[in-house]
>>> print(open('target-v4.txt').read())   # compact mmCIF, C-alpha atoms
# COMPACT_ATOMS: atom_id res chain seq x y z
CA MET M 27 77.68 -88.90 -81.08
CA LEU M 28 75.44 -91.14 -83.20
CA CYS M 29 72.11 -92.04 -81.58
CA VAL M 30 69.57 -94.42 -83.04
CA THR M 31 66.05 -95.20 -81.90
CA GLY M 32 65.71 -98.61 -80.32
CA GLN M 33 62.98 -100.58 -78.57
CA SER M 34 59.97 -98.54 -77.50
CA LEU M 35 59.33 -98.24 -73.76
CA GLY M 36 55.72 -97.17 -73.43
CA ASP M 37 55.45 -93.77 -75.10
CA ARG M 38 59.21 -93.17 -74.91
CA SER M 39 61.90 -94.58 -77.18
CA GLN M 40 65.07 -96.04 -75.74
CA TRP M 41 68.06 -94.37 -77.36
CA LEU M 42 71.20 -96.28 -78.22
CA SER M 43 74.50 -94.66 -79.07
CA VAL M 44 77.78 -95.46 -80.72
CA GLY M 45 80.70 -94.67 -78.40
CA GLY M 46 78.60 -93.65 -75.40
CA VAL M 47 75.14 -92.90 -74.10
CA CYS M 48 73.27 -90.05 -75.72
CA ARG M 49 71.79 -87.22 -73.68
CA GLU M 50 68.19 -88.44 -73.92
CA SER M 51 69.18 -91.86 -72.63
CA ARG M 52 71.14 -90.34 -69.76
CA ARG M 53 68.20 -88.16 -68.73
CA HIS M 54 65.82 -91.11 -68.87
CA ALA M 55 68.20 -93.35 -66.91
CA ALA M 56 68.78 -90.65 -64.29
CA ARG M 57 65.05 -90.14 -63.78
CA ALA M 58 64.50 -93.90 -63.50
CA ASP M 59 67.38 -94.20 -61.04
CA ASP M 60 66.00 -91.34 -58.93
CA ARG M 61 62.60 -93.02 -58.81
CA GLY M 62 64.20 -96.34 -57.87
CA GLN M 63 66.33 -94.78 -55.13
CA ALA M 64 63.34 -92.93 -53.72
CA ARG M 65 61.31 -96.16 -53.67
CA TRP M 66 64.05 -98.04 -51.80
CA ARG M 67 64.57 -95.19 -49.35
CA GLY M 68 60.87 -95.30 -48.60
CA LEU M 69 60.93 -99.04 -48.05
CA LEU M 70 63.96 -98.81 -45.78
CA ARG M 71 62.45 -96.03 -43.74
CA HIS M 72 59.00 -97.46 -43.27
CA HIS M 73 59.40 -101.23 -43.45
CA LEU M 74 62.97 -102.45 -43.12
CA LEU M 75 64.51 -100.06 -40.59
CA PRO M 76 65.76 -102.10 -37.60
CA ARG M 77 63.98 -101.33 -34.37
CA LEU M 78 65.49 -100.92 -30.94
CA ASN M 79 65.26 -104.62 -30.03
CA GLU M 80 67.48 -105.52 -32.98
CA PHE M 81 70.09 -102.99 -31.89
CA LEU M 82 69.95 -104.32 -28.33
CA GLU M 83 70.53 -107.80 -29.69
CA LEU M 84 73.58 -106.58 -31.61
CA PHE M 85 74.95 -104.84 -28.52
CA ALA M 86 74.57 -108.12 -26.62
CA TYR M 87 76.40 -109.90 -29.44
CA ASN M 88 79.19 -107.32 -29.28
CA ALA M 89 79.65 -107.92 -25.55
CA TRP M 90 79.78 -111.69 -26.05
CA ALA M 91 82.30 -111.36 -28.90
CA ASN M 92 84.56 -108.98 -26.96
CA ARG M 93 84.59 -111.26 -23.93
CA THR M 94 85.37 -114.23 -26.18
CA ILE M 95 88.40 -112.39 -27.56
CA PHE M 96 89.52 -111.26 -24.09
CA ASP M 97 89.39 -114.85 -22.86
CA ALA M 98 91.37 -116.08 -25.87
CA VAL M 99 94.21 -113.56 -25.66
CA ALA M 100 94.48 -114.05 -21.89
CA GLN M 101 96.12 -117.40 -22.69
CA LEU M 102 99.01 -115.76 -24.56
CA PRO M 103 102.44 -115.10 -23.07
CA ASP M 104 103.18 -111.40 -22.66
CA GLU M 105 105.68 -111.42 -25.52
CA GLN M 106 102.99 -112.46 -28.00
CA TYR M 107 100.28 -110.27 -26.49
CA PHE M 108 102.44 -107.14 -26.74
CA ARG M 109 104.31 -108.03 -29.94
CA ASP M 110 104.27 -105.35 -32.64
CA LEU M 111 102.66 -107.03 -35.64
CA LYS M 112 102.95 -103.91 -37.81
CA SER M 113 99.23 -103.25 -38.01
CA SER M 114 97.35 -99.97 -37.60
CA TYR M 115 97.64 -100.12 -33.81
CA GLY M 116 100.66 -102.38 -33.47
CA GLY M 117 99.41 -105.78 -32.42
CA ILE M 118 96.89 -107.41 -30.14
CA HIS M 119 97.21 -105.08 -27.16
CA GLY M 120 97.12 -101.88 -29.21
CA THR M 121 94.13 -103.06 -31.23
CA LEU M 122 92.18 -104.06 -28.12
CA ALA M 123 92.98 -100.70 -26.55
CA HIS M 124 91.69 -98.99 -29.70
CA ILE M 125 88.44 -100.99 -29.60
CA VAL M 126 87.83 -100.06 -25.98
CA TRP M 127 88.74 -96.41 -26.54
CA ALA M 128 86.41 -96.18 -29.56
CA GLU M 129 83.52 -97.81 -27.69
CA GLN M 130 84.01 -95.35 -24.84
CA LEU M 131 84.27 -92.44 -27.28
CA TRP M 132 80.96 -93.28 -28.96
CA LEU M 133 79.24 -93.79 -25.62
CA HIS M 134 80.45 -90.37 -24.47
CA ARG M 135 79.05 -88.84 -27.64
CA TRP M 136 75.67 -90.45 -27.02
CA VAL M 137 75.41 -89.30 -23.41
CA GLY M 138 76.98 -85.87 -23.97
CA LYS M 139 80.27 -86.39 -22.13
CA PRO M 140 83.66 -85.00 -23.23
CA ASN M 141 85.88 -87.29 -25.26
CA PRO M 142 88.13 -89.67 -23.29
CA THR M 143 91.14 -87.76 -21.99
CA VAL M 144 93.80 -90.06 -23.46
CA PRO M 145 93.35 -90.89 -27.17
CA GLN M 146 93.46 -94.45 -28.48
CA GLY M 147 93.60 -95.95 -24.99
CA THR M 148 97.36 -95.52 -24.80
CA ASP M 149 97.09 -95.20 -21.02
CA LEU M 150 96.05 -98.88 -20.85
CA LYS M 151 99.19 -100.85 -20.06
CA SER M 152 97.95 -104.42 -19.70
CA LEU M 153 95.14 -106.76 -20.66
CA THR M 154 93.78 -106.32 -17.14
CA ASP M 155 93.61 -102.56 -17.75
CA VAL M 156 91.93 -103.03 -21.13
CA ARG M 157 89.32 -105.46 -19.91
CA GLY M 158 88.64 -103.49 -16.74
CA ARG M 159 87.91 -100.32 -18.67
CA TRP M 160 85.80 -102.15 -21.21
CA GLU M 161 83.68 -103.75 -18.47
CA ALA M 162 83.10 -100.29 -16.98
CA VAL M 163 82.15 -98.90 -20.40
CA GLU M 164 79.85 -101.87 -21.01
CA ALA M 165 78.09 -101.31 -17.68
CA GLU M 166 77.57 -97.60 -18.42
CA ARG M 167 76.35 -98.40 -21.93
CA GLY M 168 73.86 -100.85 -20.46
CA ARG M 169 72.42 -98.15 -18.20
CA PHE M 170 72.19 -95.78 -21.17
CA LEU M 171 70.38 -98.35 -23.31
CA ASP M 172 68.01 -99.32 -20.49
CA ALA M 173 66.66 -95.77 -20.54
CA PHE M 174 66.84 -95.27 -24.33
CA PRO M 175 63.38 -95.20 -25.99
CA GLU M 176 62.82 -96.51 -29.48
CA SER M 177 61.38 -93.14 -30.46
CA ARG M 178 64.88 -91.61 -30.26
CA LEU M 179 66.51 -93.83 -32.90
CA GLU M 180 66.03 -91.13 -35.52
CA ASP M 181 67.18 -88.32 -33.20
CA THR M 182 70.52 -86.81 -34.17
CA ARG M 183 73.73 -85.66 -32.54
CA LEU M 184 76.55 -83.50 -33.85
CA VAL M 185 79.78 -85.50 -34.15
CA LYS M 186 83.21 -83.87 -34.43
CA PRO M 187 85.81 -86.50 -35.42
CA SER M 188 89.42 -85.98 -34.40
CA SER M 189 90.25 -85.93 -38.13
CA GLY M 190 88.22 -82.74 -38.50
CA GLY M 191 84.83 -81.66 -39.71
CA GLU M 192 81.37 -81.78 -38.20
CA TYR M 193 78.71 -84.36 -39.03
CA VAL M 194 75.15 -84.99 -37.95
CA HIS M 195 74.20 -88.64 -37.40
CA THR M 196 71.14 -90.40 -36.09
CA TYR M 197 71.49 -92.74 -33.14
CA GLY M 198 70.62 -95.60 -35.46
CA GLN M 199 73.54 -94.73 -37.74
CA MET M 200 75.93 -94.42 -34.82
CA PHE M 201 74.77 -97.72 -33.31
CA ARG M 202 75.41 -99.49 -36.62
CA HIS M 203 78.86 -97.95 -36.95
CA PHE M 204 79.73 -98.91 -33.38
CA ILE M 205 78.90 -102.59 -34.01
CA ASN M 206 80.70 -102.65 -37.35
CA HIS M 207 83.82 -100.94 -35.99
CA SER M 208 84.37 -103.38 -33.15
CA SER M 209 83.69 -106.36 -35.42
CA TYR M 210 86.22 -105.09 -37.95
CA HIS M 211 89.00 -104.82 -35.39
CA ARG M 212 88.15 -108.14 -33.73
CA GLY M 213 88.73 -109.63 -37.18
CA GLN M 214 92.22 -108.15 -37.14
CA ILE M 215 92.90 -109.81 -33.80
CA VAL M 216 91.79 -113.16 -35.23
CA THR M 217 94.39 -112.69 -37.97
CA PHE M 218 97.06 -111.78 -35.41
CA LEU M 219 96.37 -114.98 -33.49
CA ARG M 220 96.78 -117.03 -36.66
CA GLN M 221 100.06 -115.25 -37.40
CA LEU M 222 101.23 -116.29 -33.94
CA GLY M 223 100.29 -119.91 -34.60
CA VAL M 224 97.30 -119.80 -32.25
CA THR M 225 93.87 -121.13 -33.20
CA PRO M 226 91.50 -118.17 -32.77
CA PRO M 227 87.97 -118.38 -31.41
CA SER M 228 85.01 -117.79 -33.69
CA THR M 229 83.00 -114.67 -33.00
CA ASP M 230 80.61 -114.92 -35.95
CA LEU M 231 77.16 -113.51 -35.32
CA ILE M 232 75.51 -116.75 -36.43
CA LEU M 233 77.50 -118.64 -33.78
CA TYR M 234 76.20 -116.24 -31.14
CA TYR M 235 72.63 -117.00 -32.24
CA ARG M 236 73.28 -120.76 -32.11
CA ARG M 237 74.86 -120.67 -28.67
CA ARG M 238 72.25 -118.35 -27.28
CA GLY M 239 69.49 -120.70 -28.44
>>> encode(input="target-v4.txt", output="structure tokens")
Amino acid sequence: MLCVTGQSLGDRSQWLSVGGVCRESRRHAARADDRGQARWRGLLRHHLLPRLNEFLELFAYNAWANRTIFDAVAQLPDEQYFRDLKSSYGGIHGTLAHIVWAEQLWLHRWVGKPNPTVPQGTDLKSLTDVRGRWEAVEAERGRFLDAFPESRLEDTRLVKPSSGGEYVHTYGQMFRHFINHSSYHRGQIVTFLRQLGVTPPSTDLILYYRRRG
């Protein structure tokens, strides 16, 4: 590989290459990247890490968004509500059951309970069943969060996914995943409603802020 000396950077020359990056340039870039990553990790940890109040706000948003979706799909005839739309969990009912099951699963991990007995909420046979279980999960989650101190956000738990493996996550990481997971699948339900010719509700976070005032 041909390397030529380029513009000086302090007491170190920047190396250019023909057909690739020479070894000196790679080492210099790697060291610079490591320093940059360390700097950002420090900023995130000490200055930008969301505190408990922000998580509580996102949990409140999640509850509002779920109830908005429940109210919307309650207007559908059974044929549309249960129709198989060829998605990961079938259609609207299967996706809602998955959301509720996953929210219960994560709550059980946080409080140290066994996983829900029936996977993927397949024991939920109607929208009434789905919403009833979710309201119970939401109430239990509220009690858990009421007693959860900010000092525990960086505490960890061992998580064993059904797909295998063992992973250690902080509560902060798990809280973020929980919010993201439910939002992702609510987005699928919005698409299902459009496929059925129904105007879906908006569950954007910014709308929650505007309506909350």
>>> atom_distance(input="target-v4.txt", atom1="atom CA of M:Leu131", atom2="atom CA of M:Pro145")
9.2 Å
>>> closest_residue(input="target-v4.txt", among="M:Glu161, M:Glu180, M:Asp172, M:Glu166", to="M:Arg93", atoms="only C-alpha atoms")
M:Glu161
>>> residues_around(input="target-v4.txt", residues="stretch 118-125 of chain M", least_positions_apart="5", cutoff="10 Å", atoms="all atoms listed in the file", output="VMD selection string")
chain M and resid 92 95 to 96 99 104 106 to 111 113 130 to 131 145 to 153 155 to 157 159 to 160 204 207 to 212 214 to 219
>>> closest_residue(input="target-v4.txt", among="M:Val137, M:Ala91, M:Ala86, M:Ala98", to="M:Pro226", atoms="only C-alpha atoms")
M:Ala98
>>> closest_residue(input="target-v4.txt", among="M:Arg238, M:Arg167, M:Lys112, M:Arg202", to="M:Leu179", atoms="only C-alpha atoms")
M:Arg202
>>> atom_distance(input="target-v4.txt", atom1="atom CA of M:Tyr197", atom2="atom CA of M:Phe170")
12.4 Å
>>> residues_around(input="target-v4.txt", residues="M:Asp181", least_positions_apart="4", cutoff="12 Å", atoms="only C-alpha atoms", output="PyMOL selection string")
chain M and resi 136+174-177+194-200
>>> atom_distance(input="target-v4.txt", atom1="atom CA of M:Gly168", atom2="atom CA of M:Ser114")
29.1 Å
>>> closest_residue(input="target-v4.txt", among="M:Asn79, M:Asn88, M:Ser189, M:Thr94", to="M:Ser228", atoms="only C-alpha atoms")
M:Thr94
>>> closest_residue(input="target-v4.txt", among="M:Arg77, M:Arg169, M:His203, M:Arg178", to="M:Trp132", atoms="all atoms listed in the file")
M:His203
